[in-house]
file upload_30.txt (compact mmCIF, N, CA and C atoms)
# COMPACT_ATOMS: atom_id res chain seq x y z
N MET K 168 134.08 102.41 90.85
CA MET K 168 133.63 103.72 90.42
C MET K 168 132.33 104.06 91.18
N ASN K 169 131.27 103.32 90.95
CA ASN K 169 130.02 103.42 91.68
C ASN K 169 129.50 104.84 91.87
N ASN K 170 129.80 105.72 90.98
CA ASN K 170 129.29 107.08 91.05
C ASN K 170 128.23 107.22 89.97
N ARG K 171 126.99 107.19 90.33
CA ARG K 171 125.89 107.22 89.37
C ARG K 171 125.77 108.58 88.69
N ASP K 172 126.56 109.56 89.08
CA ASP K 172 126.57 110.84 88.39
C ASP K 172 127.51 110.81 87.18
N THR K 173 128.27 109.74 87.07
CA THR K 173 129.23 109.59 85.99
C THR K 173 128.76 108.49 85.04
N TYR K 174 128.57 108.86 83.80
CA TYR K 174 128.12 107.88 82.81
C TYR K 174 129.05 107.88 81.61
N ILE K 175 129.41 106.69 81.20
CA ILE K 175 130.19 106.55 79.99
C ILE K 175 129.21 106.46 78.83
N GLN K 176 129.32 107.37 77.88
CA GLN K 176 128.42 107.39 76.73
C GLN K 176 129.12 107.08 75.43
N ALA K 177 130.46 107.06 75.46
CA ALA K 177 131.21 106.85 74.22
C ALA K 177 132.37 105.90 74.48
N LEU K 178 132.66 105.09 73.48
CA LEU K 178 133.79 104.17 73.55
C LEU K 178 134.69 104.36 72.34
N SER K 179 135.97 104.34 72.58
CA SER K 179 136.95 104.27 71.50
C SER K 179 137.54 102.87 71.58
N ILE K 180 137.31 102.11 70.55
CA ILE K 180 137.66 100.69 70.56
C ILE K 180 138.75 100.42 69.53
N ILE K 181 139.79 99.75 69.96
CA ILE K 181 140.84 99.32 69.03
C ILE K 181 140.33 98.04 68.38
N SER K 182 139.90 98.15 67.15
CA SER K 182 139.30 97.01 66.45
C SER K 182 140.22 96.43 65.38
N SER K 183 141.40 96.99 65.25
CA SER K 183 142.36 96.49 64.27
C SER K 183 143.77 96.81 64.73
N CYS K 184 144.66 95.89 64.47
CA CYS K 184 146.08 96.08 64.84
C CYS K 184 146.96 95.91 63.62
N GLY K 185 146.45 96.26 62.47
CA GLY K 185 147.23 96.12 61.25
C GLY K 185 146.84 97.17 60.23
N CYS K 186 147.58 97.22 59.15
CA CYS K 186 147.31 98.17 58.07
C CYS K 186 147.56 97.47 56.74
N ASN K 187 146.80 97.85 55.73
CA ASN K 187 146.95 97.26 54.40
C ASN K 187 147.99 97.98 53.54
N LEU K 188 148.63 99.02 54.07
CA LEU K 188 149.65 99.75 53.33
C LEU K 188 151.02 99.54 53.98
N ASP K 189 152.03 99.94 53.28
CA ASP K 189 153.39 99.82 53.79
C ASP K 189 154.15 101.12 53.50
N CYS K 190 153.61 102.21 53.99
CA CYS K 190 154.19 103.52 53.73
C CYS K 190 155.50 103.68 54.49
N SER K 191 156.52 104.16 53.80
CA SER K 191 157.85 104.26 54.40
C SER K 191 157.91 105.28 55.53
N TYR K 192 157.05 106.30 55.51
CA TYR K 192 157.08 107.35 56.52
C TYR K 192 156.29 106.97 57.78
N CYS K 193 155.57 105.88 57.73
CA CYS K 193 154.64 105.55 58.81
C CYS K 193 155.26 104.57 59.80
N ARG K 194 155.13 104.88 61.06
CA ARG K 194 155.65 104.00 62.11
C ARG K 194 154.84 102.70 62.20
N ILE K 195 153.61 102.72 61.73
CA ILE K 195 152.80 101.50 61.72
C ILE K 195 153.48 100.45 60.85
N ALA K 196 153.91 100.85 59.67
CA ALA K 196 154.58 99.90 58.78
C ALA K 196 155.85 99.35 59.42
N GLN K 197 156.54 100.19 60.16
CA GLN K 197 157.78 99.76 60.81
C GLN K 197 157.52 98.80 61.96
N SER K 198 156.30 98.79 62.48
CA SER K 198 155.99 97.93 63.62
C SER K 198 155.34 96.61 63.21
N ARG K 199 155.35 96.31 61.95
CA ARG K 199 154.75 95.06 61.49
C ARG K 199 155.65 93.87 61.82
N HIS K 200 155.60 93.51 63.03
CA HIS K 200 156.41 92.39 63.49
C HIS K 200 155.49 91.37 64.12
N ALA K 201 156.06 90.40 64.75
CA ALA K 201 155.30 89.29 65.32
C ALA K 201 154.24 89.77 66.32
N LYS K 202 154.56 90.73 67.16
CA LYS K 202 153.60 91.21 68.17
C LYS K 202 152.36 91.82 67.53
N SER K 203 152.56 92.66 66.53
CA SER K 203 151.43 93.28 65.84
C SER K 203 150.57 92.22 65.15
N ALA K 204 151.20 91.27 64.49
CA ALA K 204 150.46 90.19 63.81
C ALA K 204 149.73 89.33 64.82
N GLU K 205 150.36 89.09 65.95
CA GLU K 205 149.74 88.29 67.01
C GLU K 205 148.52 89.01 67.58
N MET K 206 148.66 90.32 67.80
CA MET K 206 147.54 91.11 68.31
C MET K 206 146.39 91.15 67.30
N GLN K 207 146.72 91.29 66.01
CA GLN K 207 145.69 91.31 64.98
C GLN K 207 144.94 89.98 64.94
N LYS K 208 145.67 88.88 65.03
CA LYS K 208 145.06 87.55 65.03
C LYS K 208 144.12 87.39 66.23
N ALA K 209 144.55 87.83 67.40
CA ALA K 209 143.73 87.74 68.61
C ALA K 209 142.49 88.63 68.50
N THR K 210 142.65 89.81 67.92
CA THR K 210 141.51 90.73 67.74
C THR K 210 140.49 90.13 66.79
N ILE K 211 140.95 89.58 65.69
CA ILE K 211 140.04 88.93 64.73
C ILE K 211 139.30 87.79 65.39
N GLN K 212 140.01 86.95 66.12
CA GLN K 212 139.38 85.82 66.80
C GLN K 212 138.30 86.30 67.77
N ALA K 213 138.61 87.33 68.55
CA ALA K 213 137.66 87.87 69.53
C ALA K 213 136.43 88.48 68.85
N LEU K 214 136.64 89.16 67.71
CA LEU K 214 135.51 89.73 66.97
C LEU K 214 134.64 88.62 66.39
N GLN K 215 135.26 87.54 65.95
CA GLN K 215 134.51 86.43 65.36
C GLN K 215 133.72 85.64 66.40
N ASP K 216 134.33 85.36 67.53
CA ASP K 216 133.68 84.45 68.49
C ASP K 216 132.86 85.15 69.58
N GLY K 217 132.81 86.48 69.55
CA GLY K 217 131.97 87.22 70.49
C GLY K 217 132.67 87.61 71.78
N THR K 218 133.90 87.16 71.99
CA THR K 218 134.58 87.53 73.24
C THR K 218 134.97 89.00 73.26
N PHE K 219 135.09 89.62 72.11
CA PHE K 219 135.40 91.05 72.05
C PHE K 219 134.29 91.84 72.76
N LEU K 220 133.05 91.58 72.37
CA LEU K 220 131.91 92.26 72.99
C LEU K 220 131.78 91.90 74.46
N ALA K 221 132.00 90.63 74.78
CA ALA K 221 131.92 90.19 76.17
C ALA K 221 132.96 90.91 77.02
N ASN K 222 134.15 91.12 76.48
CA ASN K 222 135.19 91.84 77.22
C ASN K 222 134.83 93.31 77.44
N VAL K 223 134.25 93.94 76.43
CA VAL K 223 133.80 95.33 76.59
C VAL K 223 132.74 95.39 77.68
N ASN K 224 131.83 94.43 77.66
CA ASN K 224 130.77 94.37 78.68
C ASN K 224 131.35 94.18 80.07
N LYS K 225 132.36 93.32 80.21
CA LYS K 225 133.00 93.09 81.51
C LYS K 225 133.63 94.38 82.05
N VAL K 226 134.29 95.12 81.18
CA VAL K 226 134.91 96.38 81.61
C VAL K 226 133.84 97.36 82.07
N LEU K 227 132.78 97.50 81.29
CA LEU K 227 131.71 98.43 81.68
C LEU K 227 131.05 97.99 82.98
N ASN K 228 130.83 96.68 83.16
CA ASN K 228 130.27 96.19 84.42
C ASN K 228 131.18 96.49 85.60
N ARG K 229 132.47 96.31 85.40
CA ARG K 229 133.43 96.58 86.46
C ARG K 229 133.40 98.06 86.86
N LEU K 230 133.13 98.92 85.91
CA LEU K 230 133.03 100.36 86.17
C LEU K 230 131.62 100.76 86.61
N ASP K 231 130.74 99.76 86.78
CA ASP K 231 129.34 99.99 87.16
C ASP K 231 128.63 100.87 86.13
N GLN K 232 128.88 100.56 84.88
CA GLN K 232 128.28 101.29 83.77
C GLN K 232 127.43 100.31 82.95
N SER K 233 126.43 100.82 82.32
CA SER K 233 125.53 100.00 81.50
C SER K 233 125.86 100.17 80.02
N THR K 234 125.78 99.07 79.28
CA THR K 234 125.98 99.17 77.84
C THR K 234 124.86 99.99 77.20
N ALA K 235 123.72 100.08 77.86
CA ALA K 235 122.59 100.86 77.32
C ALA K 235 122.90 102.35 77.29
N GLN K 236 123.90 102.81 78.04
CA GLN K 236 124.27 104.23 78.06
C GLN K 236 125.13 104.60 76.86
N ILE K 237 125.73 103.62 76.22
CA ILE K 237 126.66 103.90 75.13
C ILE K 237 125.90 104.37 73.90
N GLN K 238 126.26 105.55 73.44
CA GLN K 238 125.64 106.11 72.24
C GLN K 238 126.64 106.24 71.10
N ASN K 239 127.89 106.45 71.43
CA ASN K 239 128.89 106.72 70.41
C ASN K 239 130.02 105.71 70.51
N MET K 240 130.43 105.18 69.36
CA MET K 240 131.59 104.30 69.31
C MET K 240 132.51 104.74 68.19
N ALA K 241 133.77 104.67 68.49
CA ALA K 241 134.79 104.95 67.48
C ALA K 241 135.64 103.71 67.34
N PHE K 242 135.80 103.25 66.11
CA PHE K 242 136.66 102.10 65.83
C PHE K 242 138.01 102.64 65.37
N TRP K 243 139.04 102.26 66.10
CA TRP K 243 140.38 102.73 65.81
C TRP K 243 141.31 101.55 65.64
N GLY K 244 142.53 101.85 65.50
CA GLY K 244 143.55 100.86 65.23
C GLY K 244 144.30 101.37 64.02
N GLN K 245 145.08 100.54 63.47
CA GLN K 245 145.88 101.01 62.36
C GLN K 245 145.04 101.19 61.10
N GLU K 246 144.13 100.28 60.82
CA GLU K 246 143.19 100.41 59.71
C GLU K 246 141.93 99.62 60.06
N PRO K 247 140.92 100.29 60.62
CA PRO K 247 139.72 99.60 61.09
C PRO K 247 138.96 98.80 60.02
N THR K 248 139.11 99.18 58.76
CA THR K 248 138.36 98.43 57.74
C THR K 248 138.90 97.01 57.56
N LEU K 249 140.09 96.72 58.09
CA LEU K 249 140.61 95.36 58.01
C LEU K 249 139.71 94.38 58.78
N THR K 250 139.04 94.86 59.80
CA THR K 250 138.19 93.98 60.61
C THR K 250 136.72 94.42 60.61
N LEU K 251 136.38 95.43 59.85
CA LEU K 251 135.02 95.96 59.86
C LEU K 251 133.99 94.91 59.48
N HIS K 252 134.34 94.01 58.58
CA HIS K 252 133.38 92.98 58.17
C HIS K 252 133.02 92.03 59.31
N TYR K 253 133.92 91.83 60.27
CA TYR K 253 133.59 90.99 61.43
C TYR K 253 132.56 91.68 62.32
N ILE K 254 132.66 92.98 62.42
CA ILE K 254 131.65 93.74 63.17
C ILE K 254 130.32 93.69 62.42
N THR K 255 130.37 93.88 61.11
CA THR K 255 129.16 93.84 60.29
C THR K 255 128.45 92.50 60.42
N GLU K 256 129.20 91.41 60.42
CA GLU K 256 128.61 90.07 60.54
C GLU K 256 127.89 89.86 61.88
N HIS K 257 128.25 90.65 62.88
CA HIS K 257 127.67 90.48 64.22
C HIS K 257 126.90 91.72 64.67
N LEU K 258 126.39 92.50 63.73
CA LEU K 258 125.69 93.74 64.11
C LEU K 258 124.49 93.48 65.01
N ASP K 259 123.80 92.35 64.84
CA ASP K 259 122.68 92.05 65.73
C ASP K 259 123.14 92.05 67.19
N GLU K 260 124.28 91.41 67.46
CA GLU K 260 124.81 91.37 68.82
C GLU K 260 125.28 92.74 69.29
N TRP K 261 125.91 93.50 68.38
CA TRP K 261 126.37 94.84 68.76
C TRP K 261 125.18 95.71 69.16
N PHE K 262 124.09 95.65 68.41
CA PHE K 262 122.93 96.46 68.75
C PHE K 262 122.19 95.91 69.96
N GLU K 263 122.31 94.62 70.22
CA GLU K 263 121.74 94.05 71.44
C GLU K 263 122.52 94.55 72.66
N TYR K 264 123.83 94.53 72.57
CA TYR K 264 124.68 95.03 73.66
C TYR K 264 124.48 96.53 73.86
N PHE K 265 124.38 97.26 72.77
CA PHE K 265 124.33 98.72 72.81
C PHE K 265 123.05 99.22 72.14
N PRO K 266 121.88 99.08 72.81
CA PRO K 266 120.60 99.40 72.17
C PRO K 266 120.42 100.88 71.82
N ASN K 267 121.18 101.75 72.44
CA ASN K 267 121.06 103.19 72.18
C ASN K 267 122.21 103.74 71.36
N TRP K 268 122.97 102.85 70.77
CA TRP K 268 124.09 103.22 69.90
C TRP K 268 123.55 104.00 68.72
N ASP K 269 123.97 105.25 68.58
CA ASP K 269 123.44 106.07 67.49
C ASP K 269 124.51 106.84 66.71
N GLU K 270 125.79 106.56 67.00
CA GLU K 270 126.84 107.23 66.25
C GLU K 270 128.09 106.37 66.23
N VAL K 271 128.74 106.35 65.08
CA VAL K 271 130.00 105.62 64.93
C VAL K 271 130.95 106.48 64.12
N MET K 272 132.23 106.32 64.40
CA MET K 272 133.23 107.00 63.59
C MET K 272 134.45 106.11 63.47
N PHE K 273 135.11 106.25 62.35
CA PHE K 273 136.40 105.60 62.15
C PHE K 273 137.13 106.29 61.02
N SER K 274 138.46 106.19 61.08
CA SER K 274 139.31 106.74 60.03
C SER K 274 139.78 105.60 59.15
N THR K 275 139.93 105.88 57.88
CA THR K 275 140.39 104.85 56.95
C THR K 275 141.24 105.51 55.87
N ASN K 276 142.14 104.73 55.31
CA ASN K 276 142.91 105.24 54.19
C ASN K 276 142.15 105.05 52.88
N THR K 277 141.04 104.38 52.91
CA THR K 277 140.15 104.07 51.77
C THR K 277 140.87 103.40 50.60
N VAL K 278 141.99 102.77 50.88
CA VAL K 278 142.70 102.03 49.84
C VAL K 278 142.29 100.56 50.01
N GLY K 279 141.25 100.20 49.30
CA GLY K 279 140.70 98.85 49.44
C GLY K 279 139.57 98.82 50.44
N PHE K 280 138.87 97.73 50.46
CA PHE K 280 137.82 97.44 51.44
C PHE K 280 136.63 98.39 51.39
N MET K 281 136.42 99.05 50.27
CA MET K 281 135.23 99.91 50.15
C MET K 281 133.96 99.09 50.28
N ASP K 282 134.01 97.82 49.84
CA ASP K 282 132.86 96.95 49.99
C ASP K 282 132.54 96.71 51.46
N ARG K 283 133.55 96.64 52.31
CA ARG K 283 133.32 96.46 53.74
C ARG K 283 132.65 97.68 54.36
N ILE K 284 133.06 98.86 53.91
CA ILE K 284 132.43 100.10 54.40
C ILE K 284 130.97 100.14 53.95
N TYR K 285 130.74 99.83 52.68
CA TYR K 285 129.37 99.83 52.15
C TYR K 285 128.51 98.82 52.91
N ASP K 286 129.00 97.60 53.09
CA ASP K 286 128.23 96.57 53.79
C ASP K 286 127.94 96.97 55.23
N PHE K 287 128.89 97.64 55.88
CA PHE K 287 128.69 98.11 57.24
C PHE K 287 127.57 99.16 57.27
N ILE K 288 127.62 100.11 56.35
CA ILE K 288 126.60 101.16 56.29
C ILE K 288 125.22 100.55 56.06
N VAL K 289 125.11 99.65 55.10
CA VAL K 289 123.83 99.00 54.81
C VAL K 289 123.36 98.17 56.01
N GLY K 290 124.30 97.46 56.65
CA GLY K 290 123.95 96.65 57.82
C GLY K 290 123.45 97.49 58.97
N VAL K 291 124.14 98.58 59.26
CA VAL K 291 123.71 99.47 60.34
C VAL K 291 122.34 100.04 60.00
N ASP K 292 122.15 100.47 58.77
CA ASP K 292 120.88 101.06 58.36
C ASP K 292 119.73 100.07 58.54
N SER K 293 119.97 98.81 58.29
CA SER K 293 118.89 97.81 58.38
C SER K 293 118.66 97.30 59.80
N LYS K 294 119.63 97.45 60.70
CA LYS K 294 119.52 96.83 62.01
C LYS K 294 119.36 97.79 63.18
N CYS K 295 119.74 99.05 63.00
CA CYS K 295 119.66 99.96 64.14
C CYS K 295 118.21 100.29 64.45
N LYS K 296 117.96 100.54 65.73
CA LYS K 296 116.59 100.80 66.19
C LYS K 296 116.36 102.27 66.49
N VAL K 297 117.41 103.06 66.48
CA VAL K 297 117.26 104.49 66.77
C VAL K 297 116.79 105.22 65.51
N PRO K 298 116.06 106.33 65.67
CA PRO K 298 115.54 107.04 64.50
C PRO K 298 116.62 107.61 63.58
N VAL K 299 117.72 108.09 64.17
CA VAL K 299 118.80 108.67 63.37
C VAL K 299 120.11 108.04 63.86
N PHE K 300 120.89 107.52 62.92
CA PHE K 300 122.20 106.97 63.24
C PHE K 300 123.22 107.79 62.48
N ASN K 301 124.16 108.41 63.20
CA ASN K 301 125.19 109.25 62.60
C ASN K 301 126.45 108.44 62.34
N MET K 302 127.00 108.60 61.15
CA MET K 302 128.22 107.91 60.79
C MET K 302 129.25 108.93 60.32
N ASN K 303 130.42 108.88 60.92
CA ASN K 303 131.53 109.75 60.54
C ASN K 303 132.67 108.89 60.07
N ILE K 304 132.92 108.90 58.79
CA ILE K 304 134.01 108.12 58.22
C ILE K 304 135.03 109.12 57.70
N GLN K 305 136.22 109.06 58.27
CA GLN K 305 137.24 110.05 57.93
C GLN K 305 138.27 109.44 57.02

call {"tool": "encode", "arguments": {"input": "upload_30.txt", "output": "structure tokens"}}
result
Amino acid sequence: MNNRDTYIQALSIISSCGCNLDCSYCRIAQSRHAKSAEMQKATIQALQDGTFLANVNKVLNRLDQSTAQIQNMAFWGQEPTLTLHYITEHLDEWFEYFPNWDEVMFSTNTVGFMDRIYDFIVGVDSKCKVPVFNMNIQ
């Protein structure tokens, strides 16, 4: 890439490959097979051991982009709250990687895991270094 006029400021990250519901109308429920479970297991492992962040950093380095430019992150996947607590446990590292991170968004079905959302909000509030951190939870 090497074009210093182009800066990546936002990331959409697939942080979950599973869902806690089994809705008959949803294609996610229909895809709950070995591959989805395998991907979820690998995602959890990467979030726990730090390779998830290292991989994001490798991609940004390859694109000649700095993690310091990232201001906005969106956590996606089938239900991001399934893995949100792993991000919360490592918020120090997330803010070290992304010192100017000031906005996050994710969608949730809010069926369960409200404690994980609360812990994430409290964790971000206590660890972020920016004056205002925007959170959009849909």

call {"tool": "residues_around", "arguments": {"input": "upload_30.txt", "residues": "Thr210 of chain K", "least_positions_apart": "6", "cutoff": "8 Å", "atoms": "all atoms listed in the file", "output": "ChimeraX atom specification"}}
result
/K:181-184,204,216,219,250

call {"tool": "write_last_selection", "arguments": {"input": "upload_30.txt", "atoms": "N, CA and C atoms", "output": "short mmCIF file (atom, residue, chain, number, x, y, z; two decimals), in the coordinates of the input"}}
result
data_model
loop_
_atom_site.label_atom_id
_atom_site.label_comp_id
_atom_site.auth_asym_id
_atom_site.auth_seq_id
_atom_site.Cartn_x
_atom_site.Cartn_y
_atom_site.Cartn_z
N ILE K 181 139.79 99.75 69.96
CA ILE K 181 140.84 99.32 69.03
C ILE K 181 140.33 98.04 68.38
N SER K 182 139.90 98.15 67.15
CA SER K 182 139.30 97.01 66.45
C SER K 182 140.22 96.43 65.38
N SER K 183 141.40 96.99 65.25
CA SER K 183 142.36 96.49 64.27
C SER K 183 143.77 96.81 64.73
N CYS K 184 144.66 95.89 64.47
CA CYS K 184 146.08 96.08 64.84
C CYS K 184 146.96 95.91 63.62
N ALA K 204 151.20 91.27 64.49
CA ALA K 204 150.46 90.19 63.81
C ALA K 204 149.73 89.33 64.82
N ASP K 216 134.33 85.36 67.53
CA ASP K 216 133.68 84.45 68.49
C ASP K 216 132.86 85.15 69.58
N PHE K 219 135.09 89.62 72.11
CA PHE K 219 135.40 91.05 72.05
C PHE K 219 134.29 91.84 72.76
N THR K 250 139.04 94.86 59.80
CA THR K 250 138.19 93.98 60.61
C THR K 250 136.72 94.42 60.61
#

call {"tool": "residues_around", "arguments": {"input": "upload_30.txt", "residues": "Phe300 of chain K", "least_positions_apart": "4", "cutoff": "8 Å", "atoms": "all atoms listed in the file", "output": "ChimeraX atom specification"}}
result
/K:268-271,291-292,295-296

call {"tool": "atom_distance", "arguments": {"input": "upload_30.txt", "atom1": "atom N of Tyr264 of chain K", "atom2": "atom C of Glu205 of chain K"}}
result
25.8 Å

call {"tool": "closest_residue", "arguments": {"input": "upload_30.txt", "among": "K:Gly185, K:Thr255, K:Met272, K:Phe262", "to": "Lys208 of chain K", "atoms": "only N, CA and C atoms"}}
result
K:Gly185

call {"tool": "atom_distance", "arguments": {"input": "upload_30.txt", "atom1": "atom CA of Gln176 of chain K", "atom2": "atom CA of Pro298 of chain K"}}
result
17.8 Å

call {"tool": "closest_residue", "arguments": {"input": "upload_30.txt", "among": "K:Asp172, K:Glu246, K:Asp286, K:Glu256", "to": "Gln215 of chain K", "atoms": "only C-alpha atoms"}}
result
K:Glu256

call {"tool": "select_by_dssp", "arguments": {"input": "upload_30.txt", "residues": "chain K", "states": "alpha helix (DSSP H)", "output": "PyMOL selection string"}}
result
chain K and resi 194-197+201-216+218-229+251-256+258-264+281-294

call {"tool": "build_atoms", "arguments": {"input": "upload_30.txt", "residues": "segment 282-304 of chain K", "atoms": "N, CA, C and O atoms", "output": "CSV table (one decimal), in the frame of the given file"}}
result
chain,number,residue,atom,x,y,z
K,282,ASP,N,134.0,97.8,49.8
K,282,ASP,CA,132.9,97.0,50.0
K,282,ASP,C,132.5,96.7,51.5
K,282,ASP,O,131.4,96.6,51.8
K,283,ARG,N,133.6,96.6,52.3
K,283,ARG,CA,133.3,96.5,53.7
K,283,ARG,C,132.6,97.7,54.4
K,283,ARG,O,131.8,97.6,55.2
K,284,ILE,N,133.1,98.9,53.9
K,284,ILE,CA,132.4,100.1,54.4
K,284,ILE,C,131.0,100.1,54.0
K,284,ILE,O,130.1,100.4,54.7
K,285,TYR,N,130.7,99.8,52.7
K,285,TYR,CA,129.4,99.8,52.2
K,285,TYR,C,128.5,98.8,52.9
K,285,TYR,O,127.4,99.1,53.3
K,286,ASP,N,129.0,97.6,53.1
K,286,ASP,CA,128.2,96.6,53.8
K,286,ASP,C,127.9,97.0,55.2
K,286,ASP,O,126.9,96.7,55.8
K,287,PHE,N,128.9,97.6,55.9
K,287,PHE,CA,128.7,98.1,57.2
K,287,PHE,C,127.6,99.2,57.3
K,287,PHE,O,126.7,99.1,58.1
K,288,ILE,N,127.6,100.1,56.4
K,288,ILE,CA,126.6,101.2,56.3
K,288,ILE,C,125.2,100.6,56.1
K,288,ILE,O,124.2,100.9,56.8
K,289,VAL,N,125.1,99.6,55.1
K,289,VAL,CA,123.8,99.0,54.8
K,289,VAL,C,123.4,98.2,56.0
K,289,VAL,O,122.2,98.2,56.4
K,290,GLY,N,124.3,97.5,56.6
K,290,GLY,CA,124.0,96.6,57.8
K,290,GLY,C,123.4,97.5,59.0
K,290,GLY,O,122.4,97.2,59.6
K,291,VAL,N,124.1,98.6,59.3
K,291,VAL,CA,123.7,99.5,60.3
K,291,VAL,C,122.3,100.0,60.0
K,291,VAL,O,121.4,100.1,60.8
K,292,ASP,N,122.2,100.5,58.8
K,292,ASP,CA,120.9,101.1,58.4
K,292,ASP,C,119.7,100.1,58.5
K,292,ASP,O,118.6,100.5,58.9
K,293,SER,N,120.0,98.8,58.3
K,293,SER,CA,118.9,97.8,58.4
K,293,SER,C,118.7,97.3,59.8
K,293,SER,O,117.6,96.8,60.1
K,294,LYS,N,119.6,97.4,60.7
K,294,LYS,CA,119.5,96.8,62.0
K,294,LYS,C,119.4,97.8,63.2
K,294,LYS,O,118.9,97.4,64.2
K,295,CYS,N,119.7,99.0,63.0
K,295,CYS,CA,119.7,100.0,64.1
K,295,CYS,C,118.2,100.3,64.4
K,295,CYS,O,117.4,100.3,63.6
K,296,LYS,N,118.0,100.5,65.7
K,296,LYS,CA,116.6,100.8,66.2
K,296,LYS,C,116.4,102.3,66.5
K,296,LYS,O,115.2,102.7,66.7
K,297,VAL,N,117.4,103.1,66.5
K,297,VAL,CA,117.3,104.5,66.8
K,297,VAL,C,116.8,105.2,65.5
K,297,VAL,O,117.1,104.8,64.4
K,298,PRO,N,116.1,106.3,65.7
K,298,PRO,CA,115.5,107.0,64.5
K,298,PRO,C,116.6,107.6,63.6
K,298,PRO,O,116.5,107.6,62.4
K,299,VAL,N,117.7,108.1,64.2
K,299,VAL,CA,118.8,108.7,63.4
K,299,VAL,C,120.1,108.0,63.9
K,299,VAL,O,120.4,108.1,65.0
K,300,PHE,N,120.9,107.5,62.9
K,300,PHE,CA,122.2,107.0,63.2
K,300,PHE,C,123.2,107.8,62.5
K,300,PHE,O,123.2,107.9,61.3
K,301,ASN,N,124.2,108.4,63.2
K,301,ASN,CA,125.2,109.2,62.6
K,301,ASN,C,126.4,108.4,62.3
K,301,ASN,O,126.9,107.7,63.2
K,302,MET,N,127.0,108.6,61.2
K,302,MET,CA,128.2,107.9,60.8
K,302,MET,C,129.2,108.9,60.3
K,302,MET,O,129.0,109.7,59.5
K,303,ASN,N,130.4,108.9,60.9
K,303,ASN,CA,131.5,109.8,60.5
K,303,ASN,C,132.7,108.9,60.1
K,303,ASN,O,133.3,108.2,60.9
K,304,ILE,N,132.9,108.9,58.8
K,304,ILE,CA,134.0,108.1,58.2
K,304,ILE,C,135.0,109.1,57.7
K,304,ILE,O,134.7,109.9,56.8
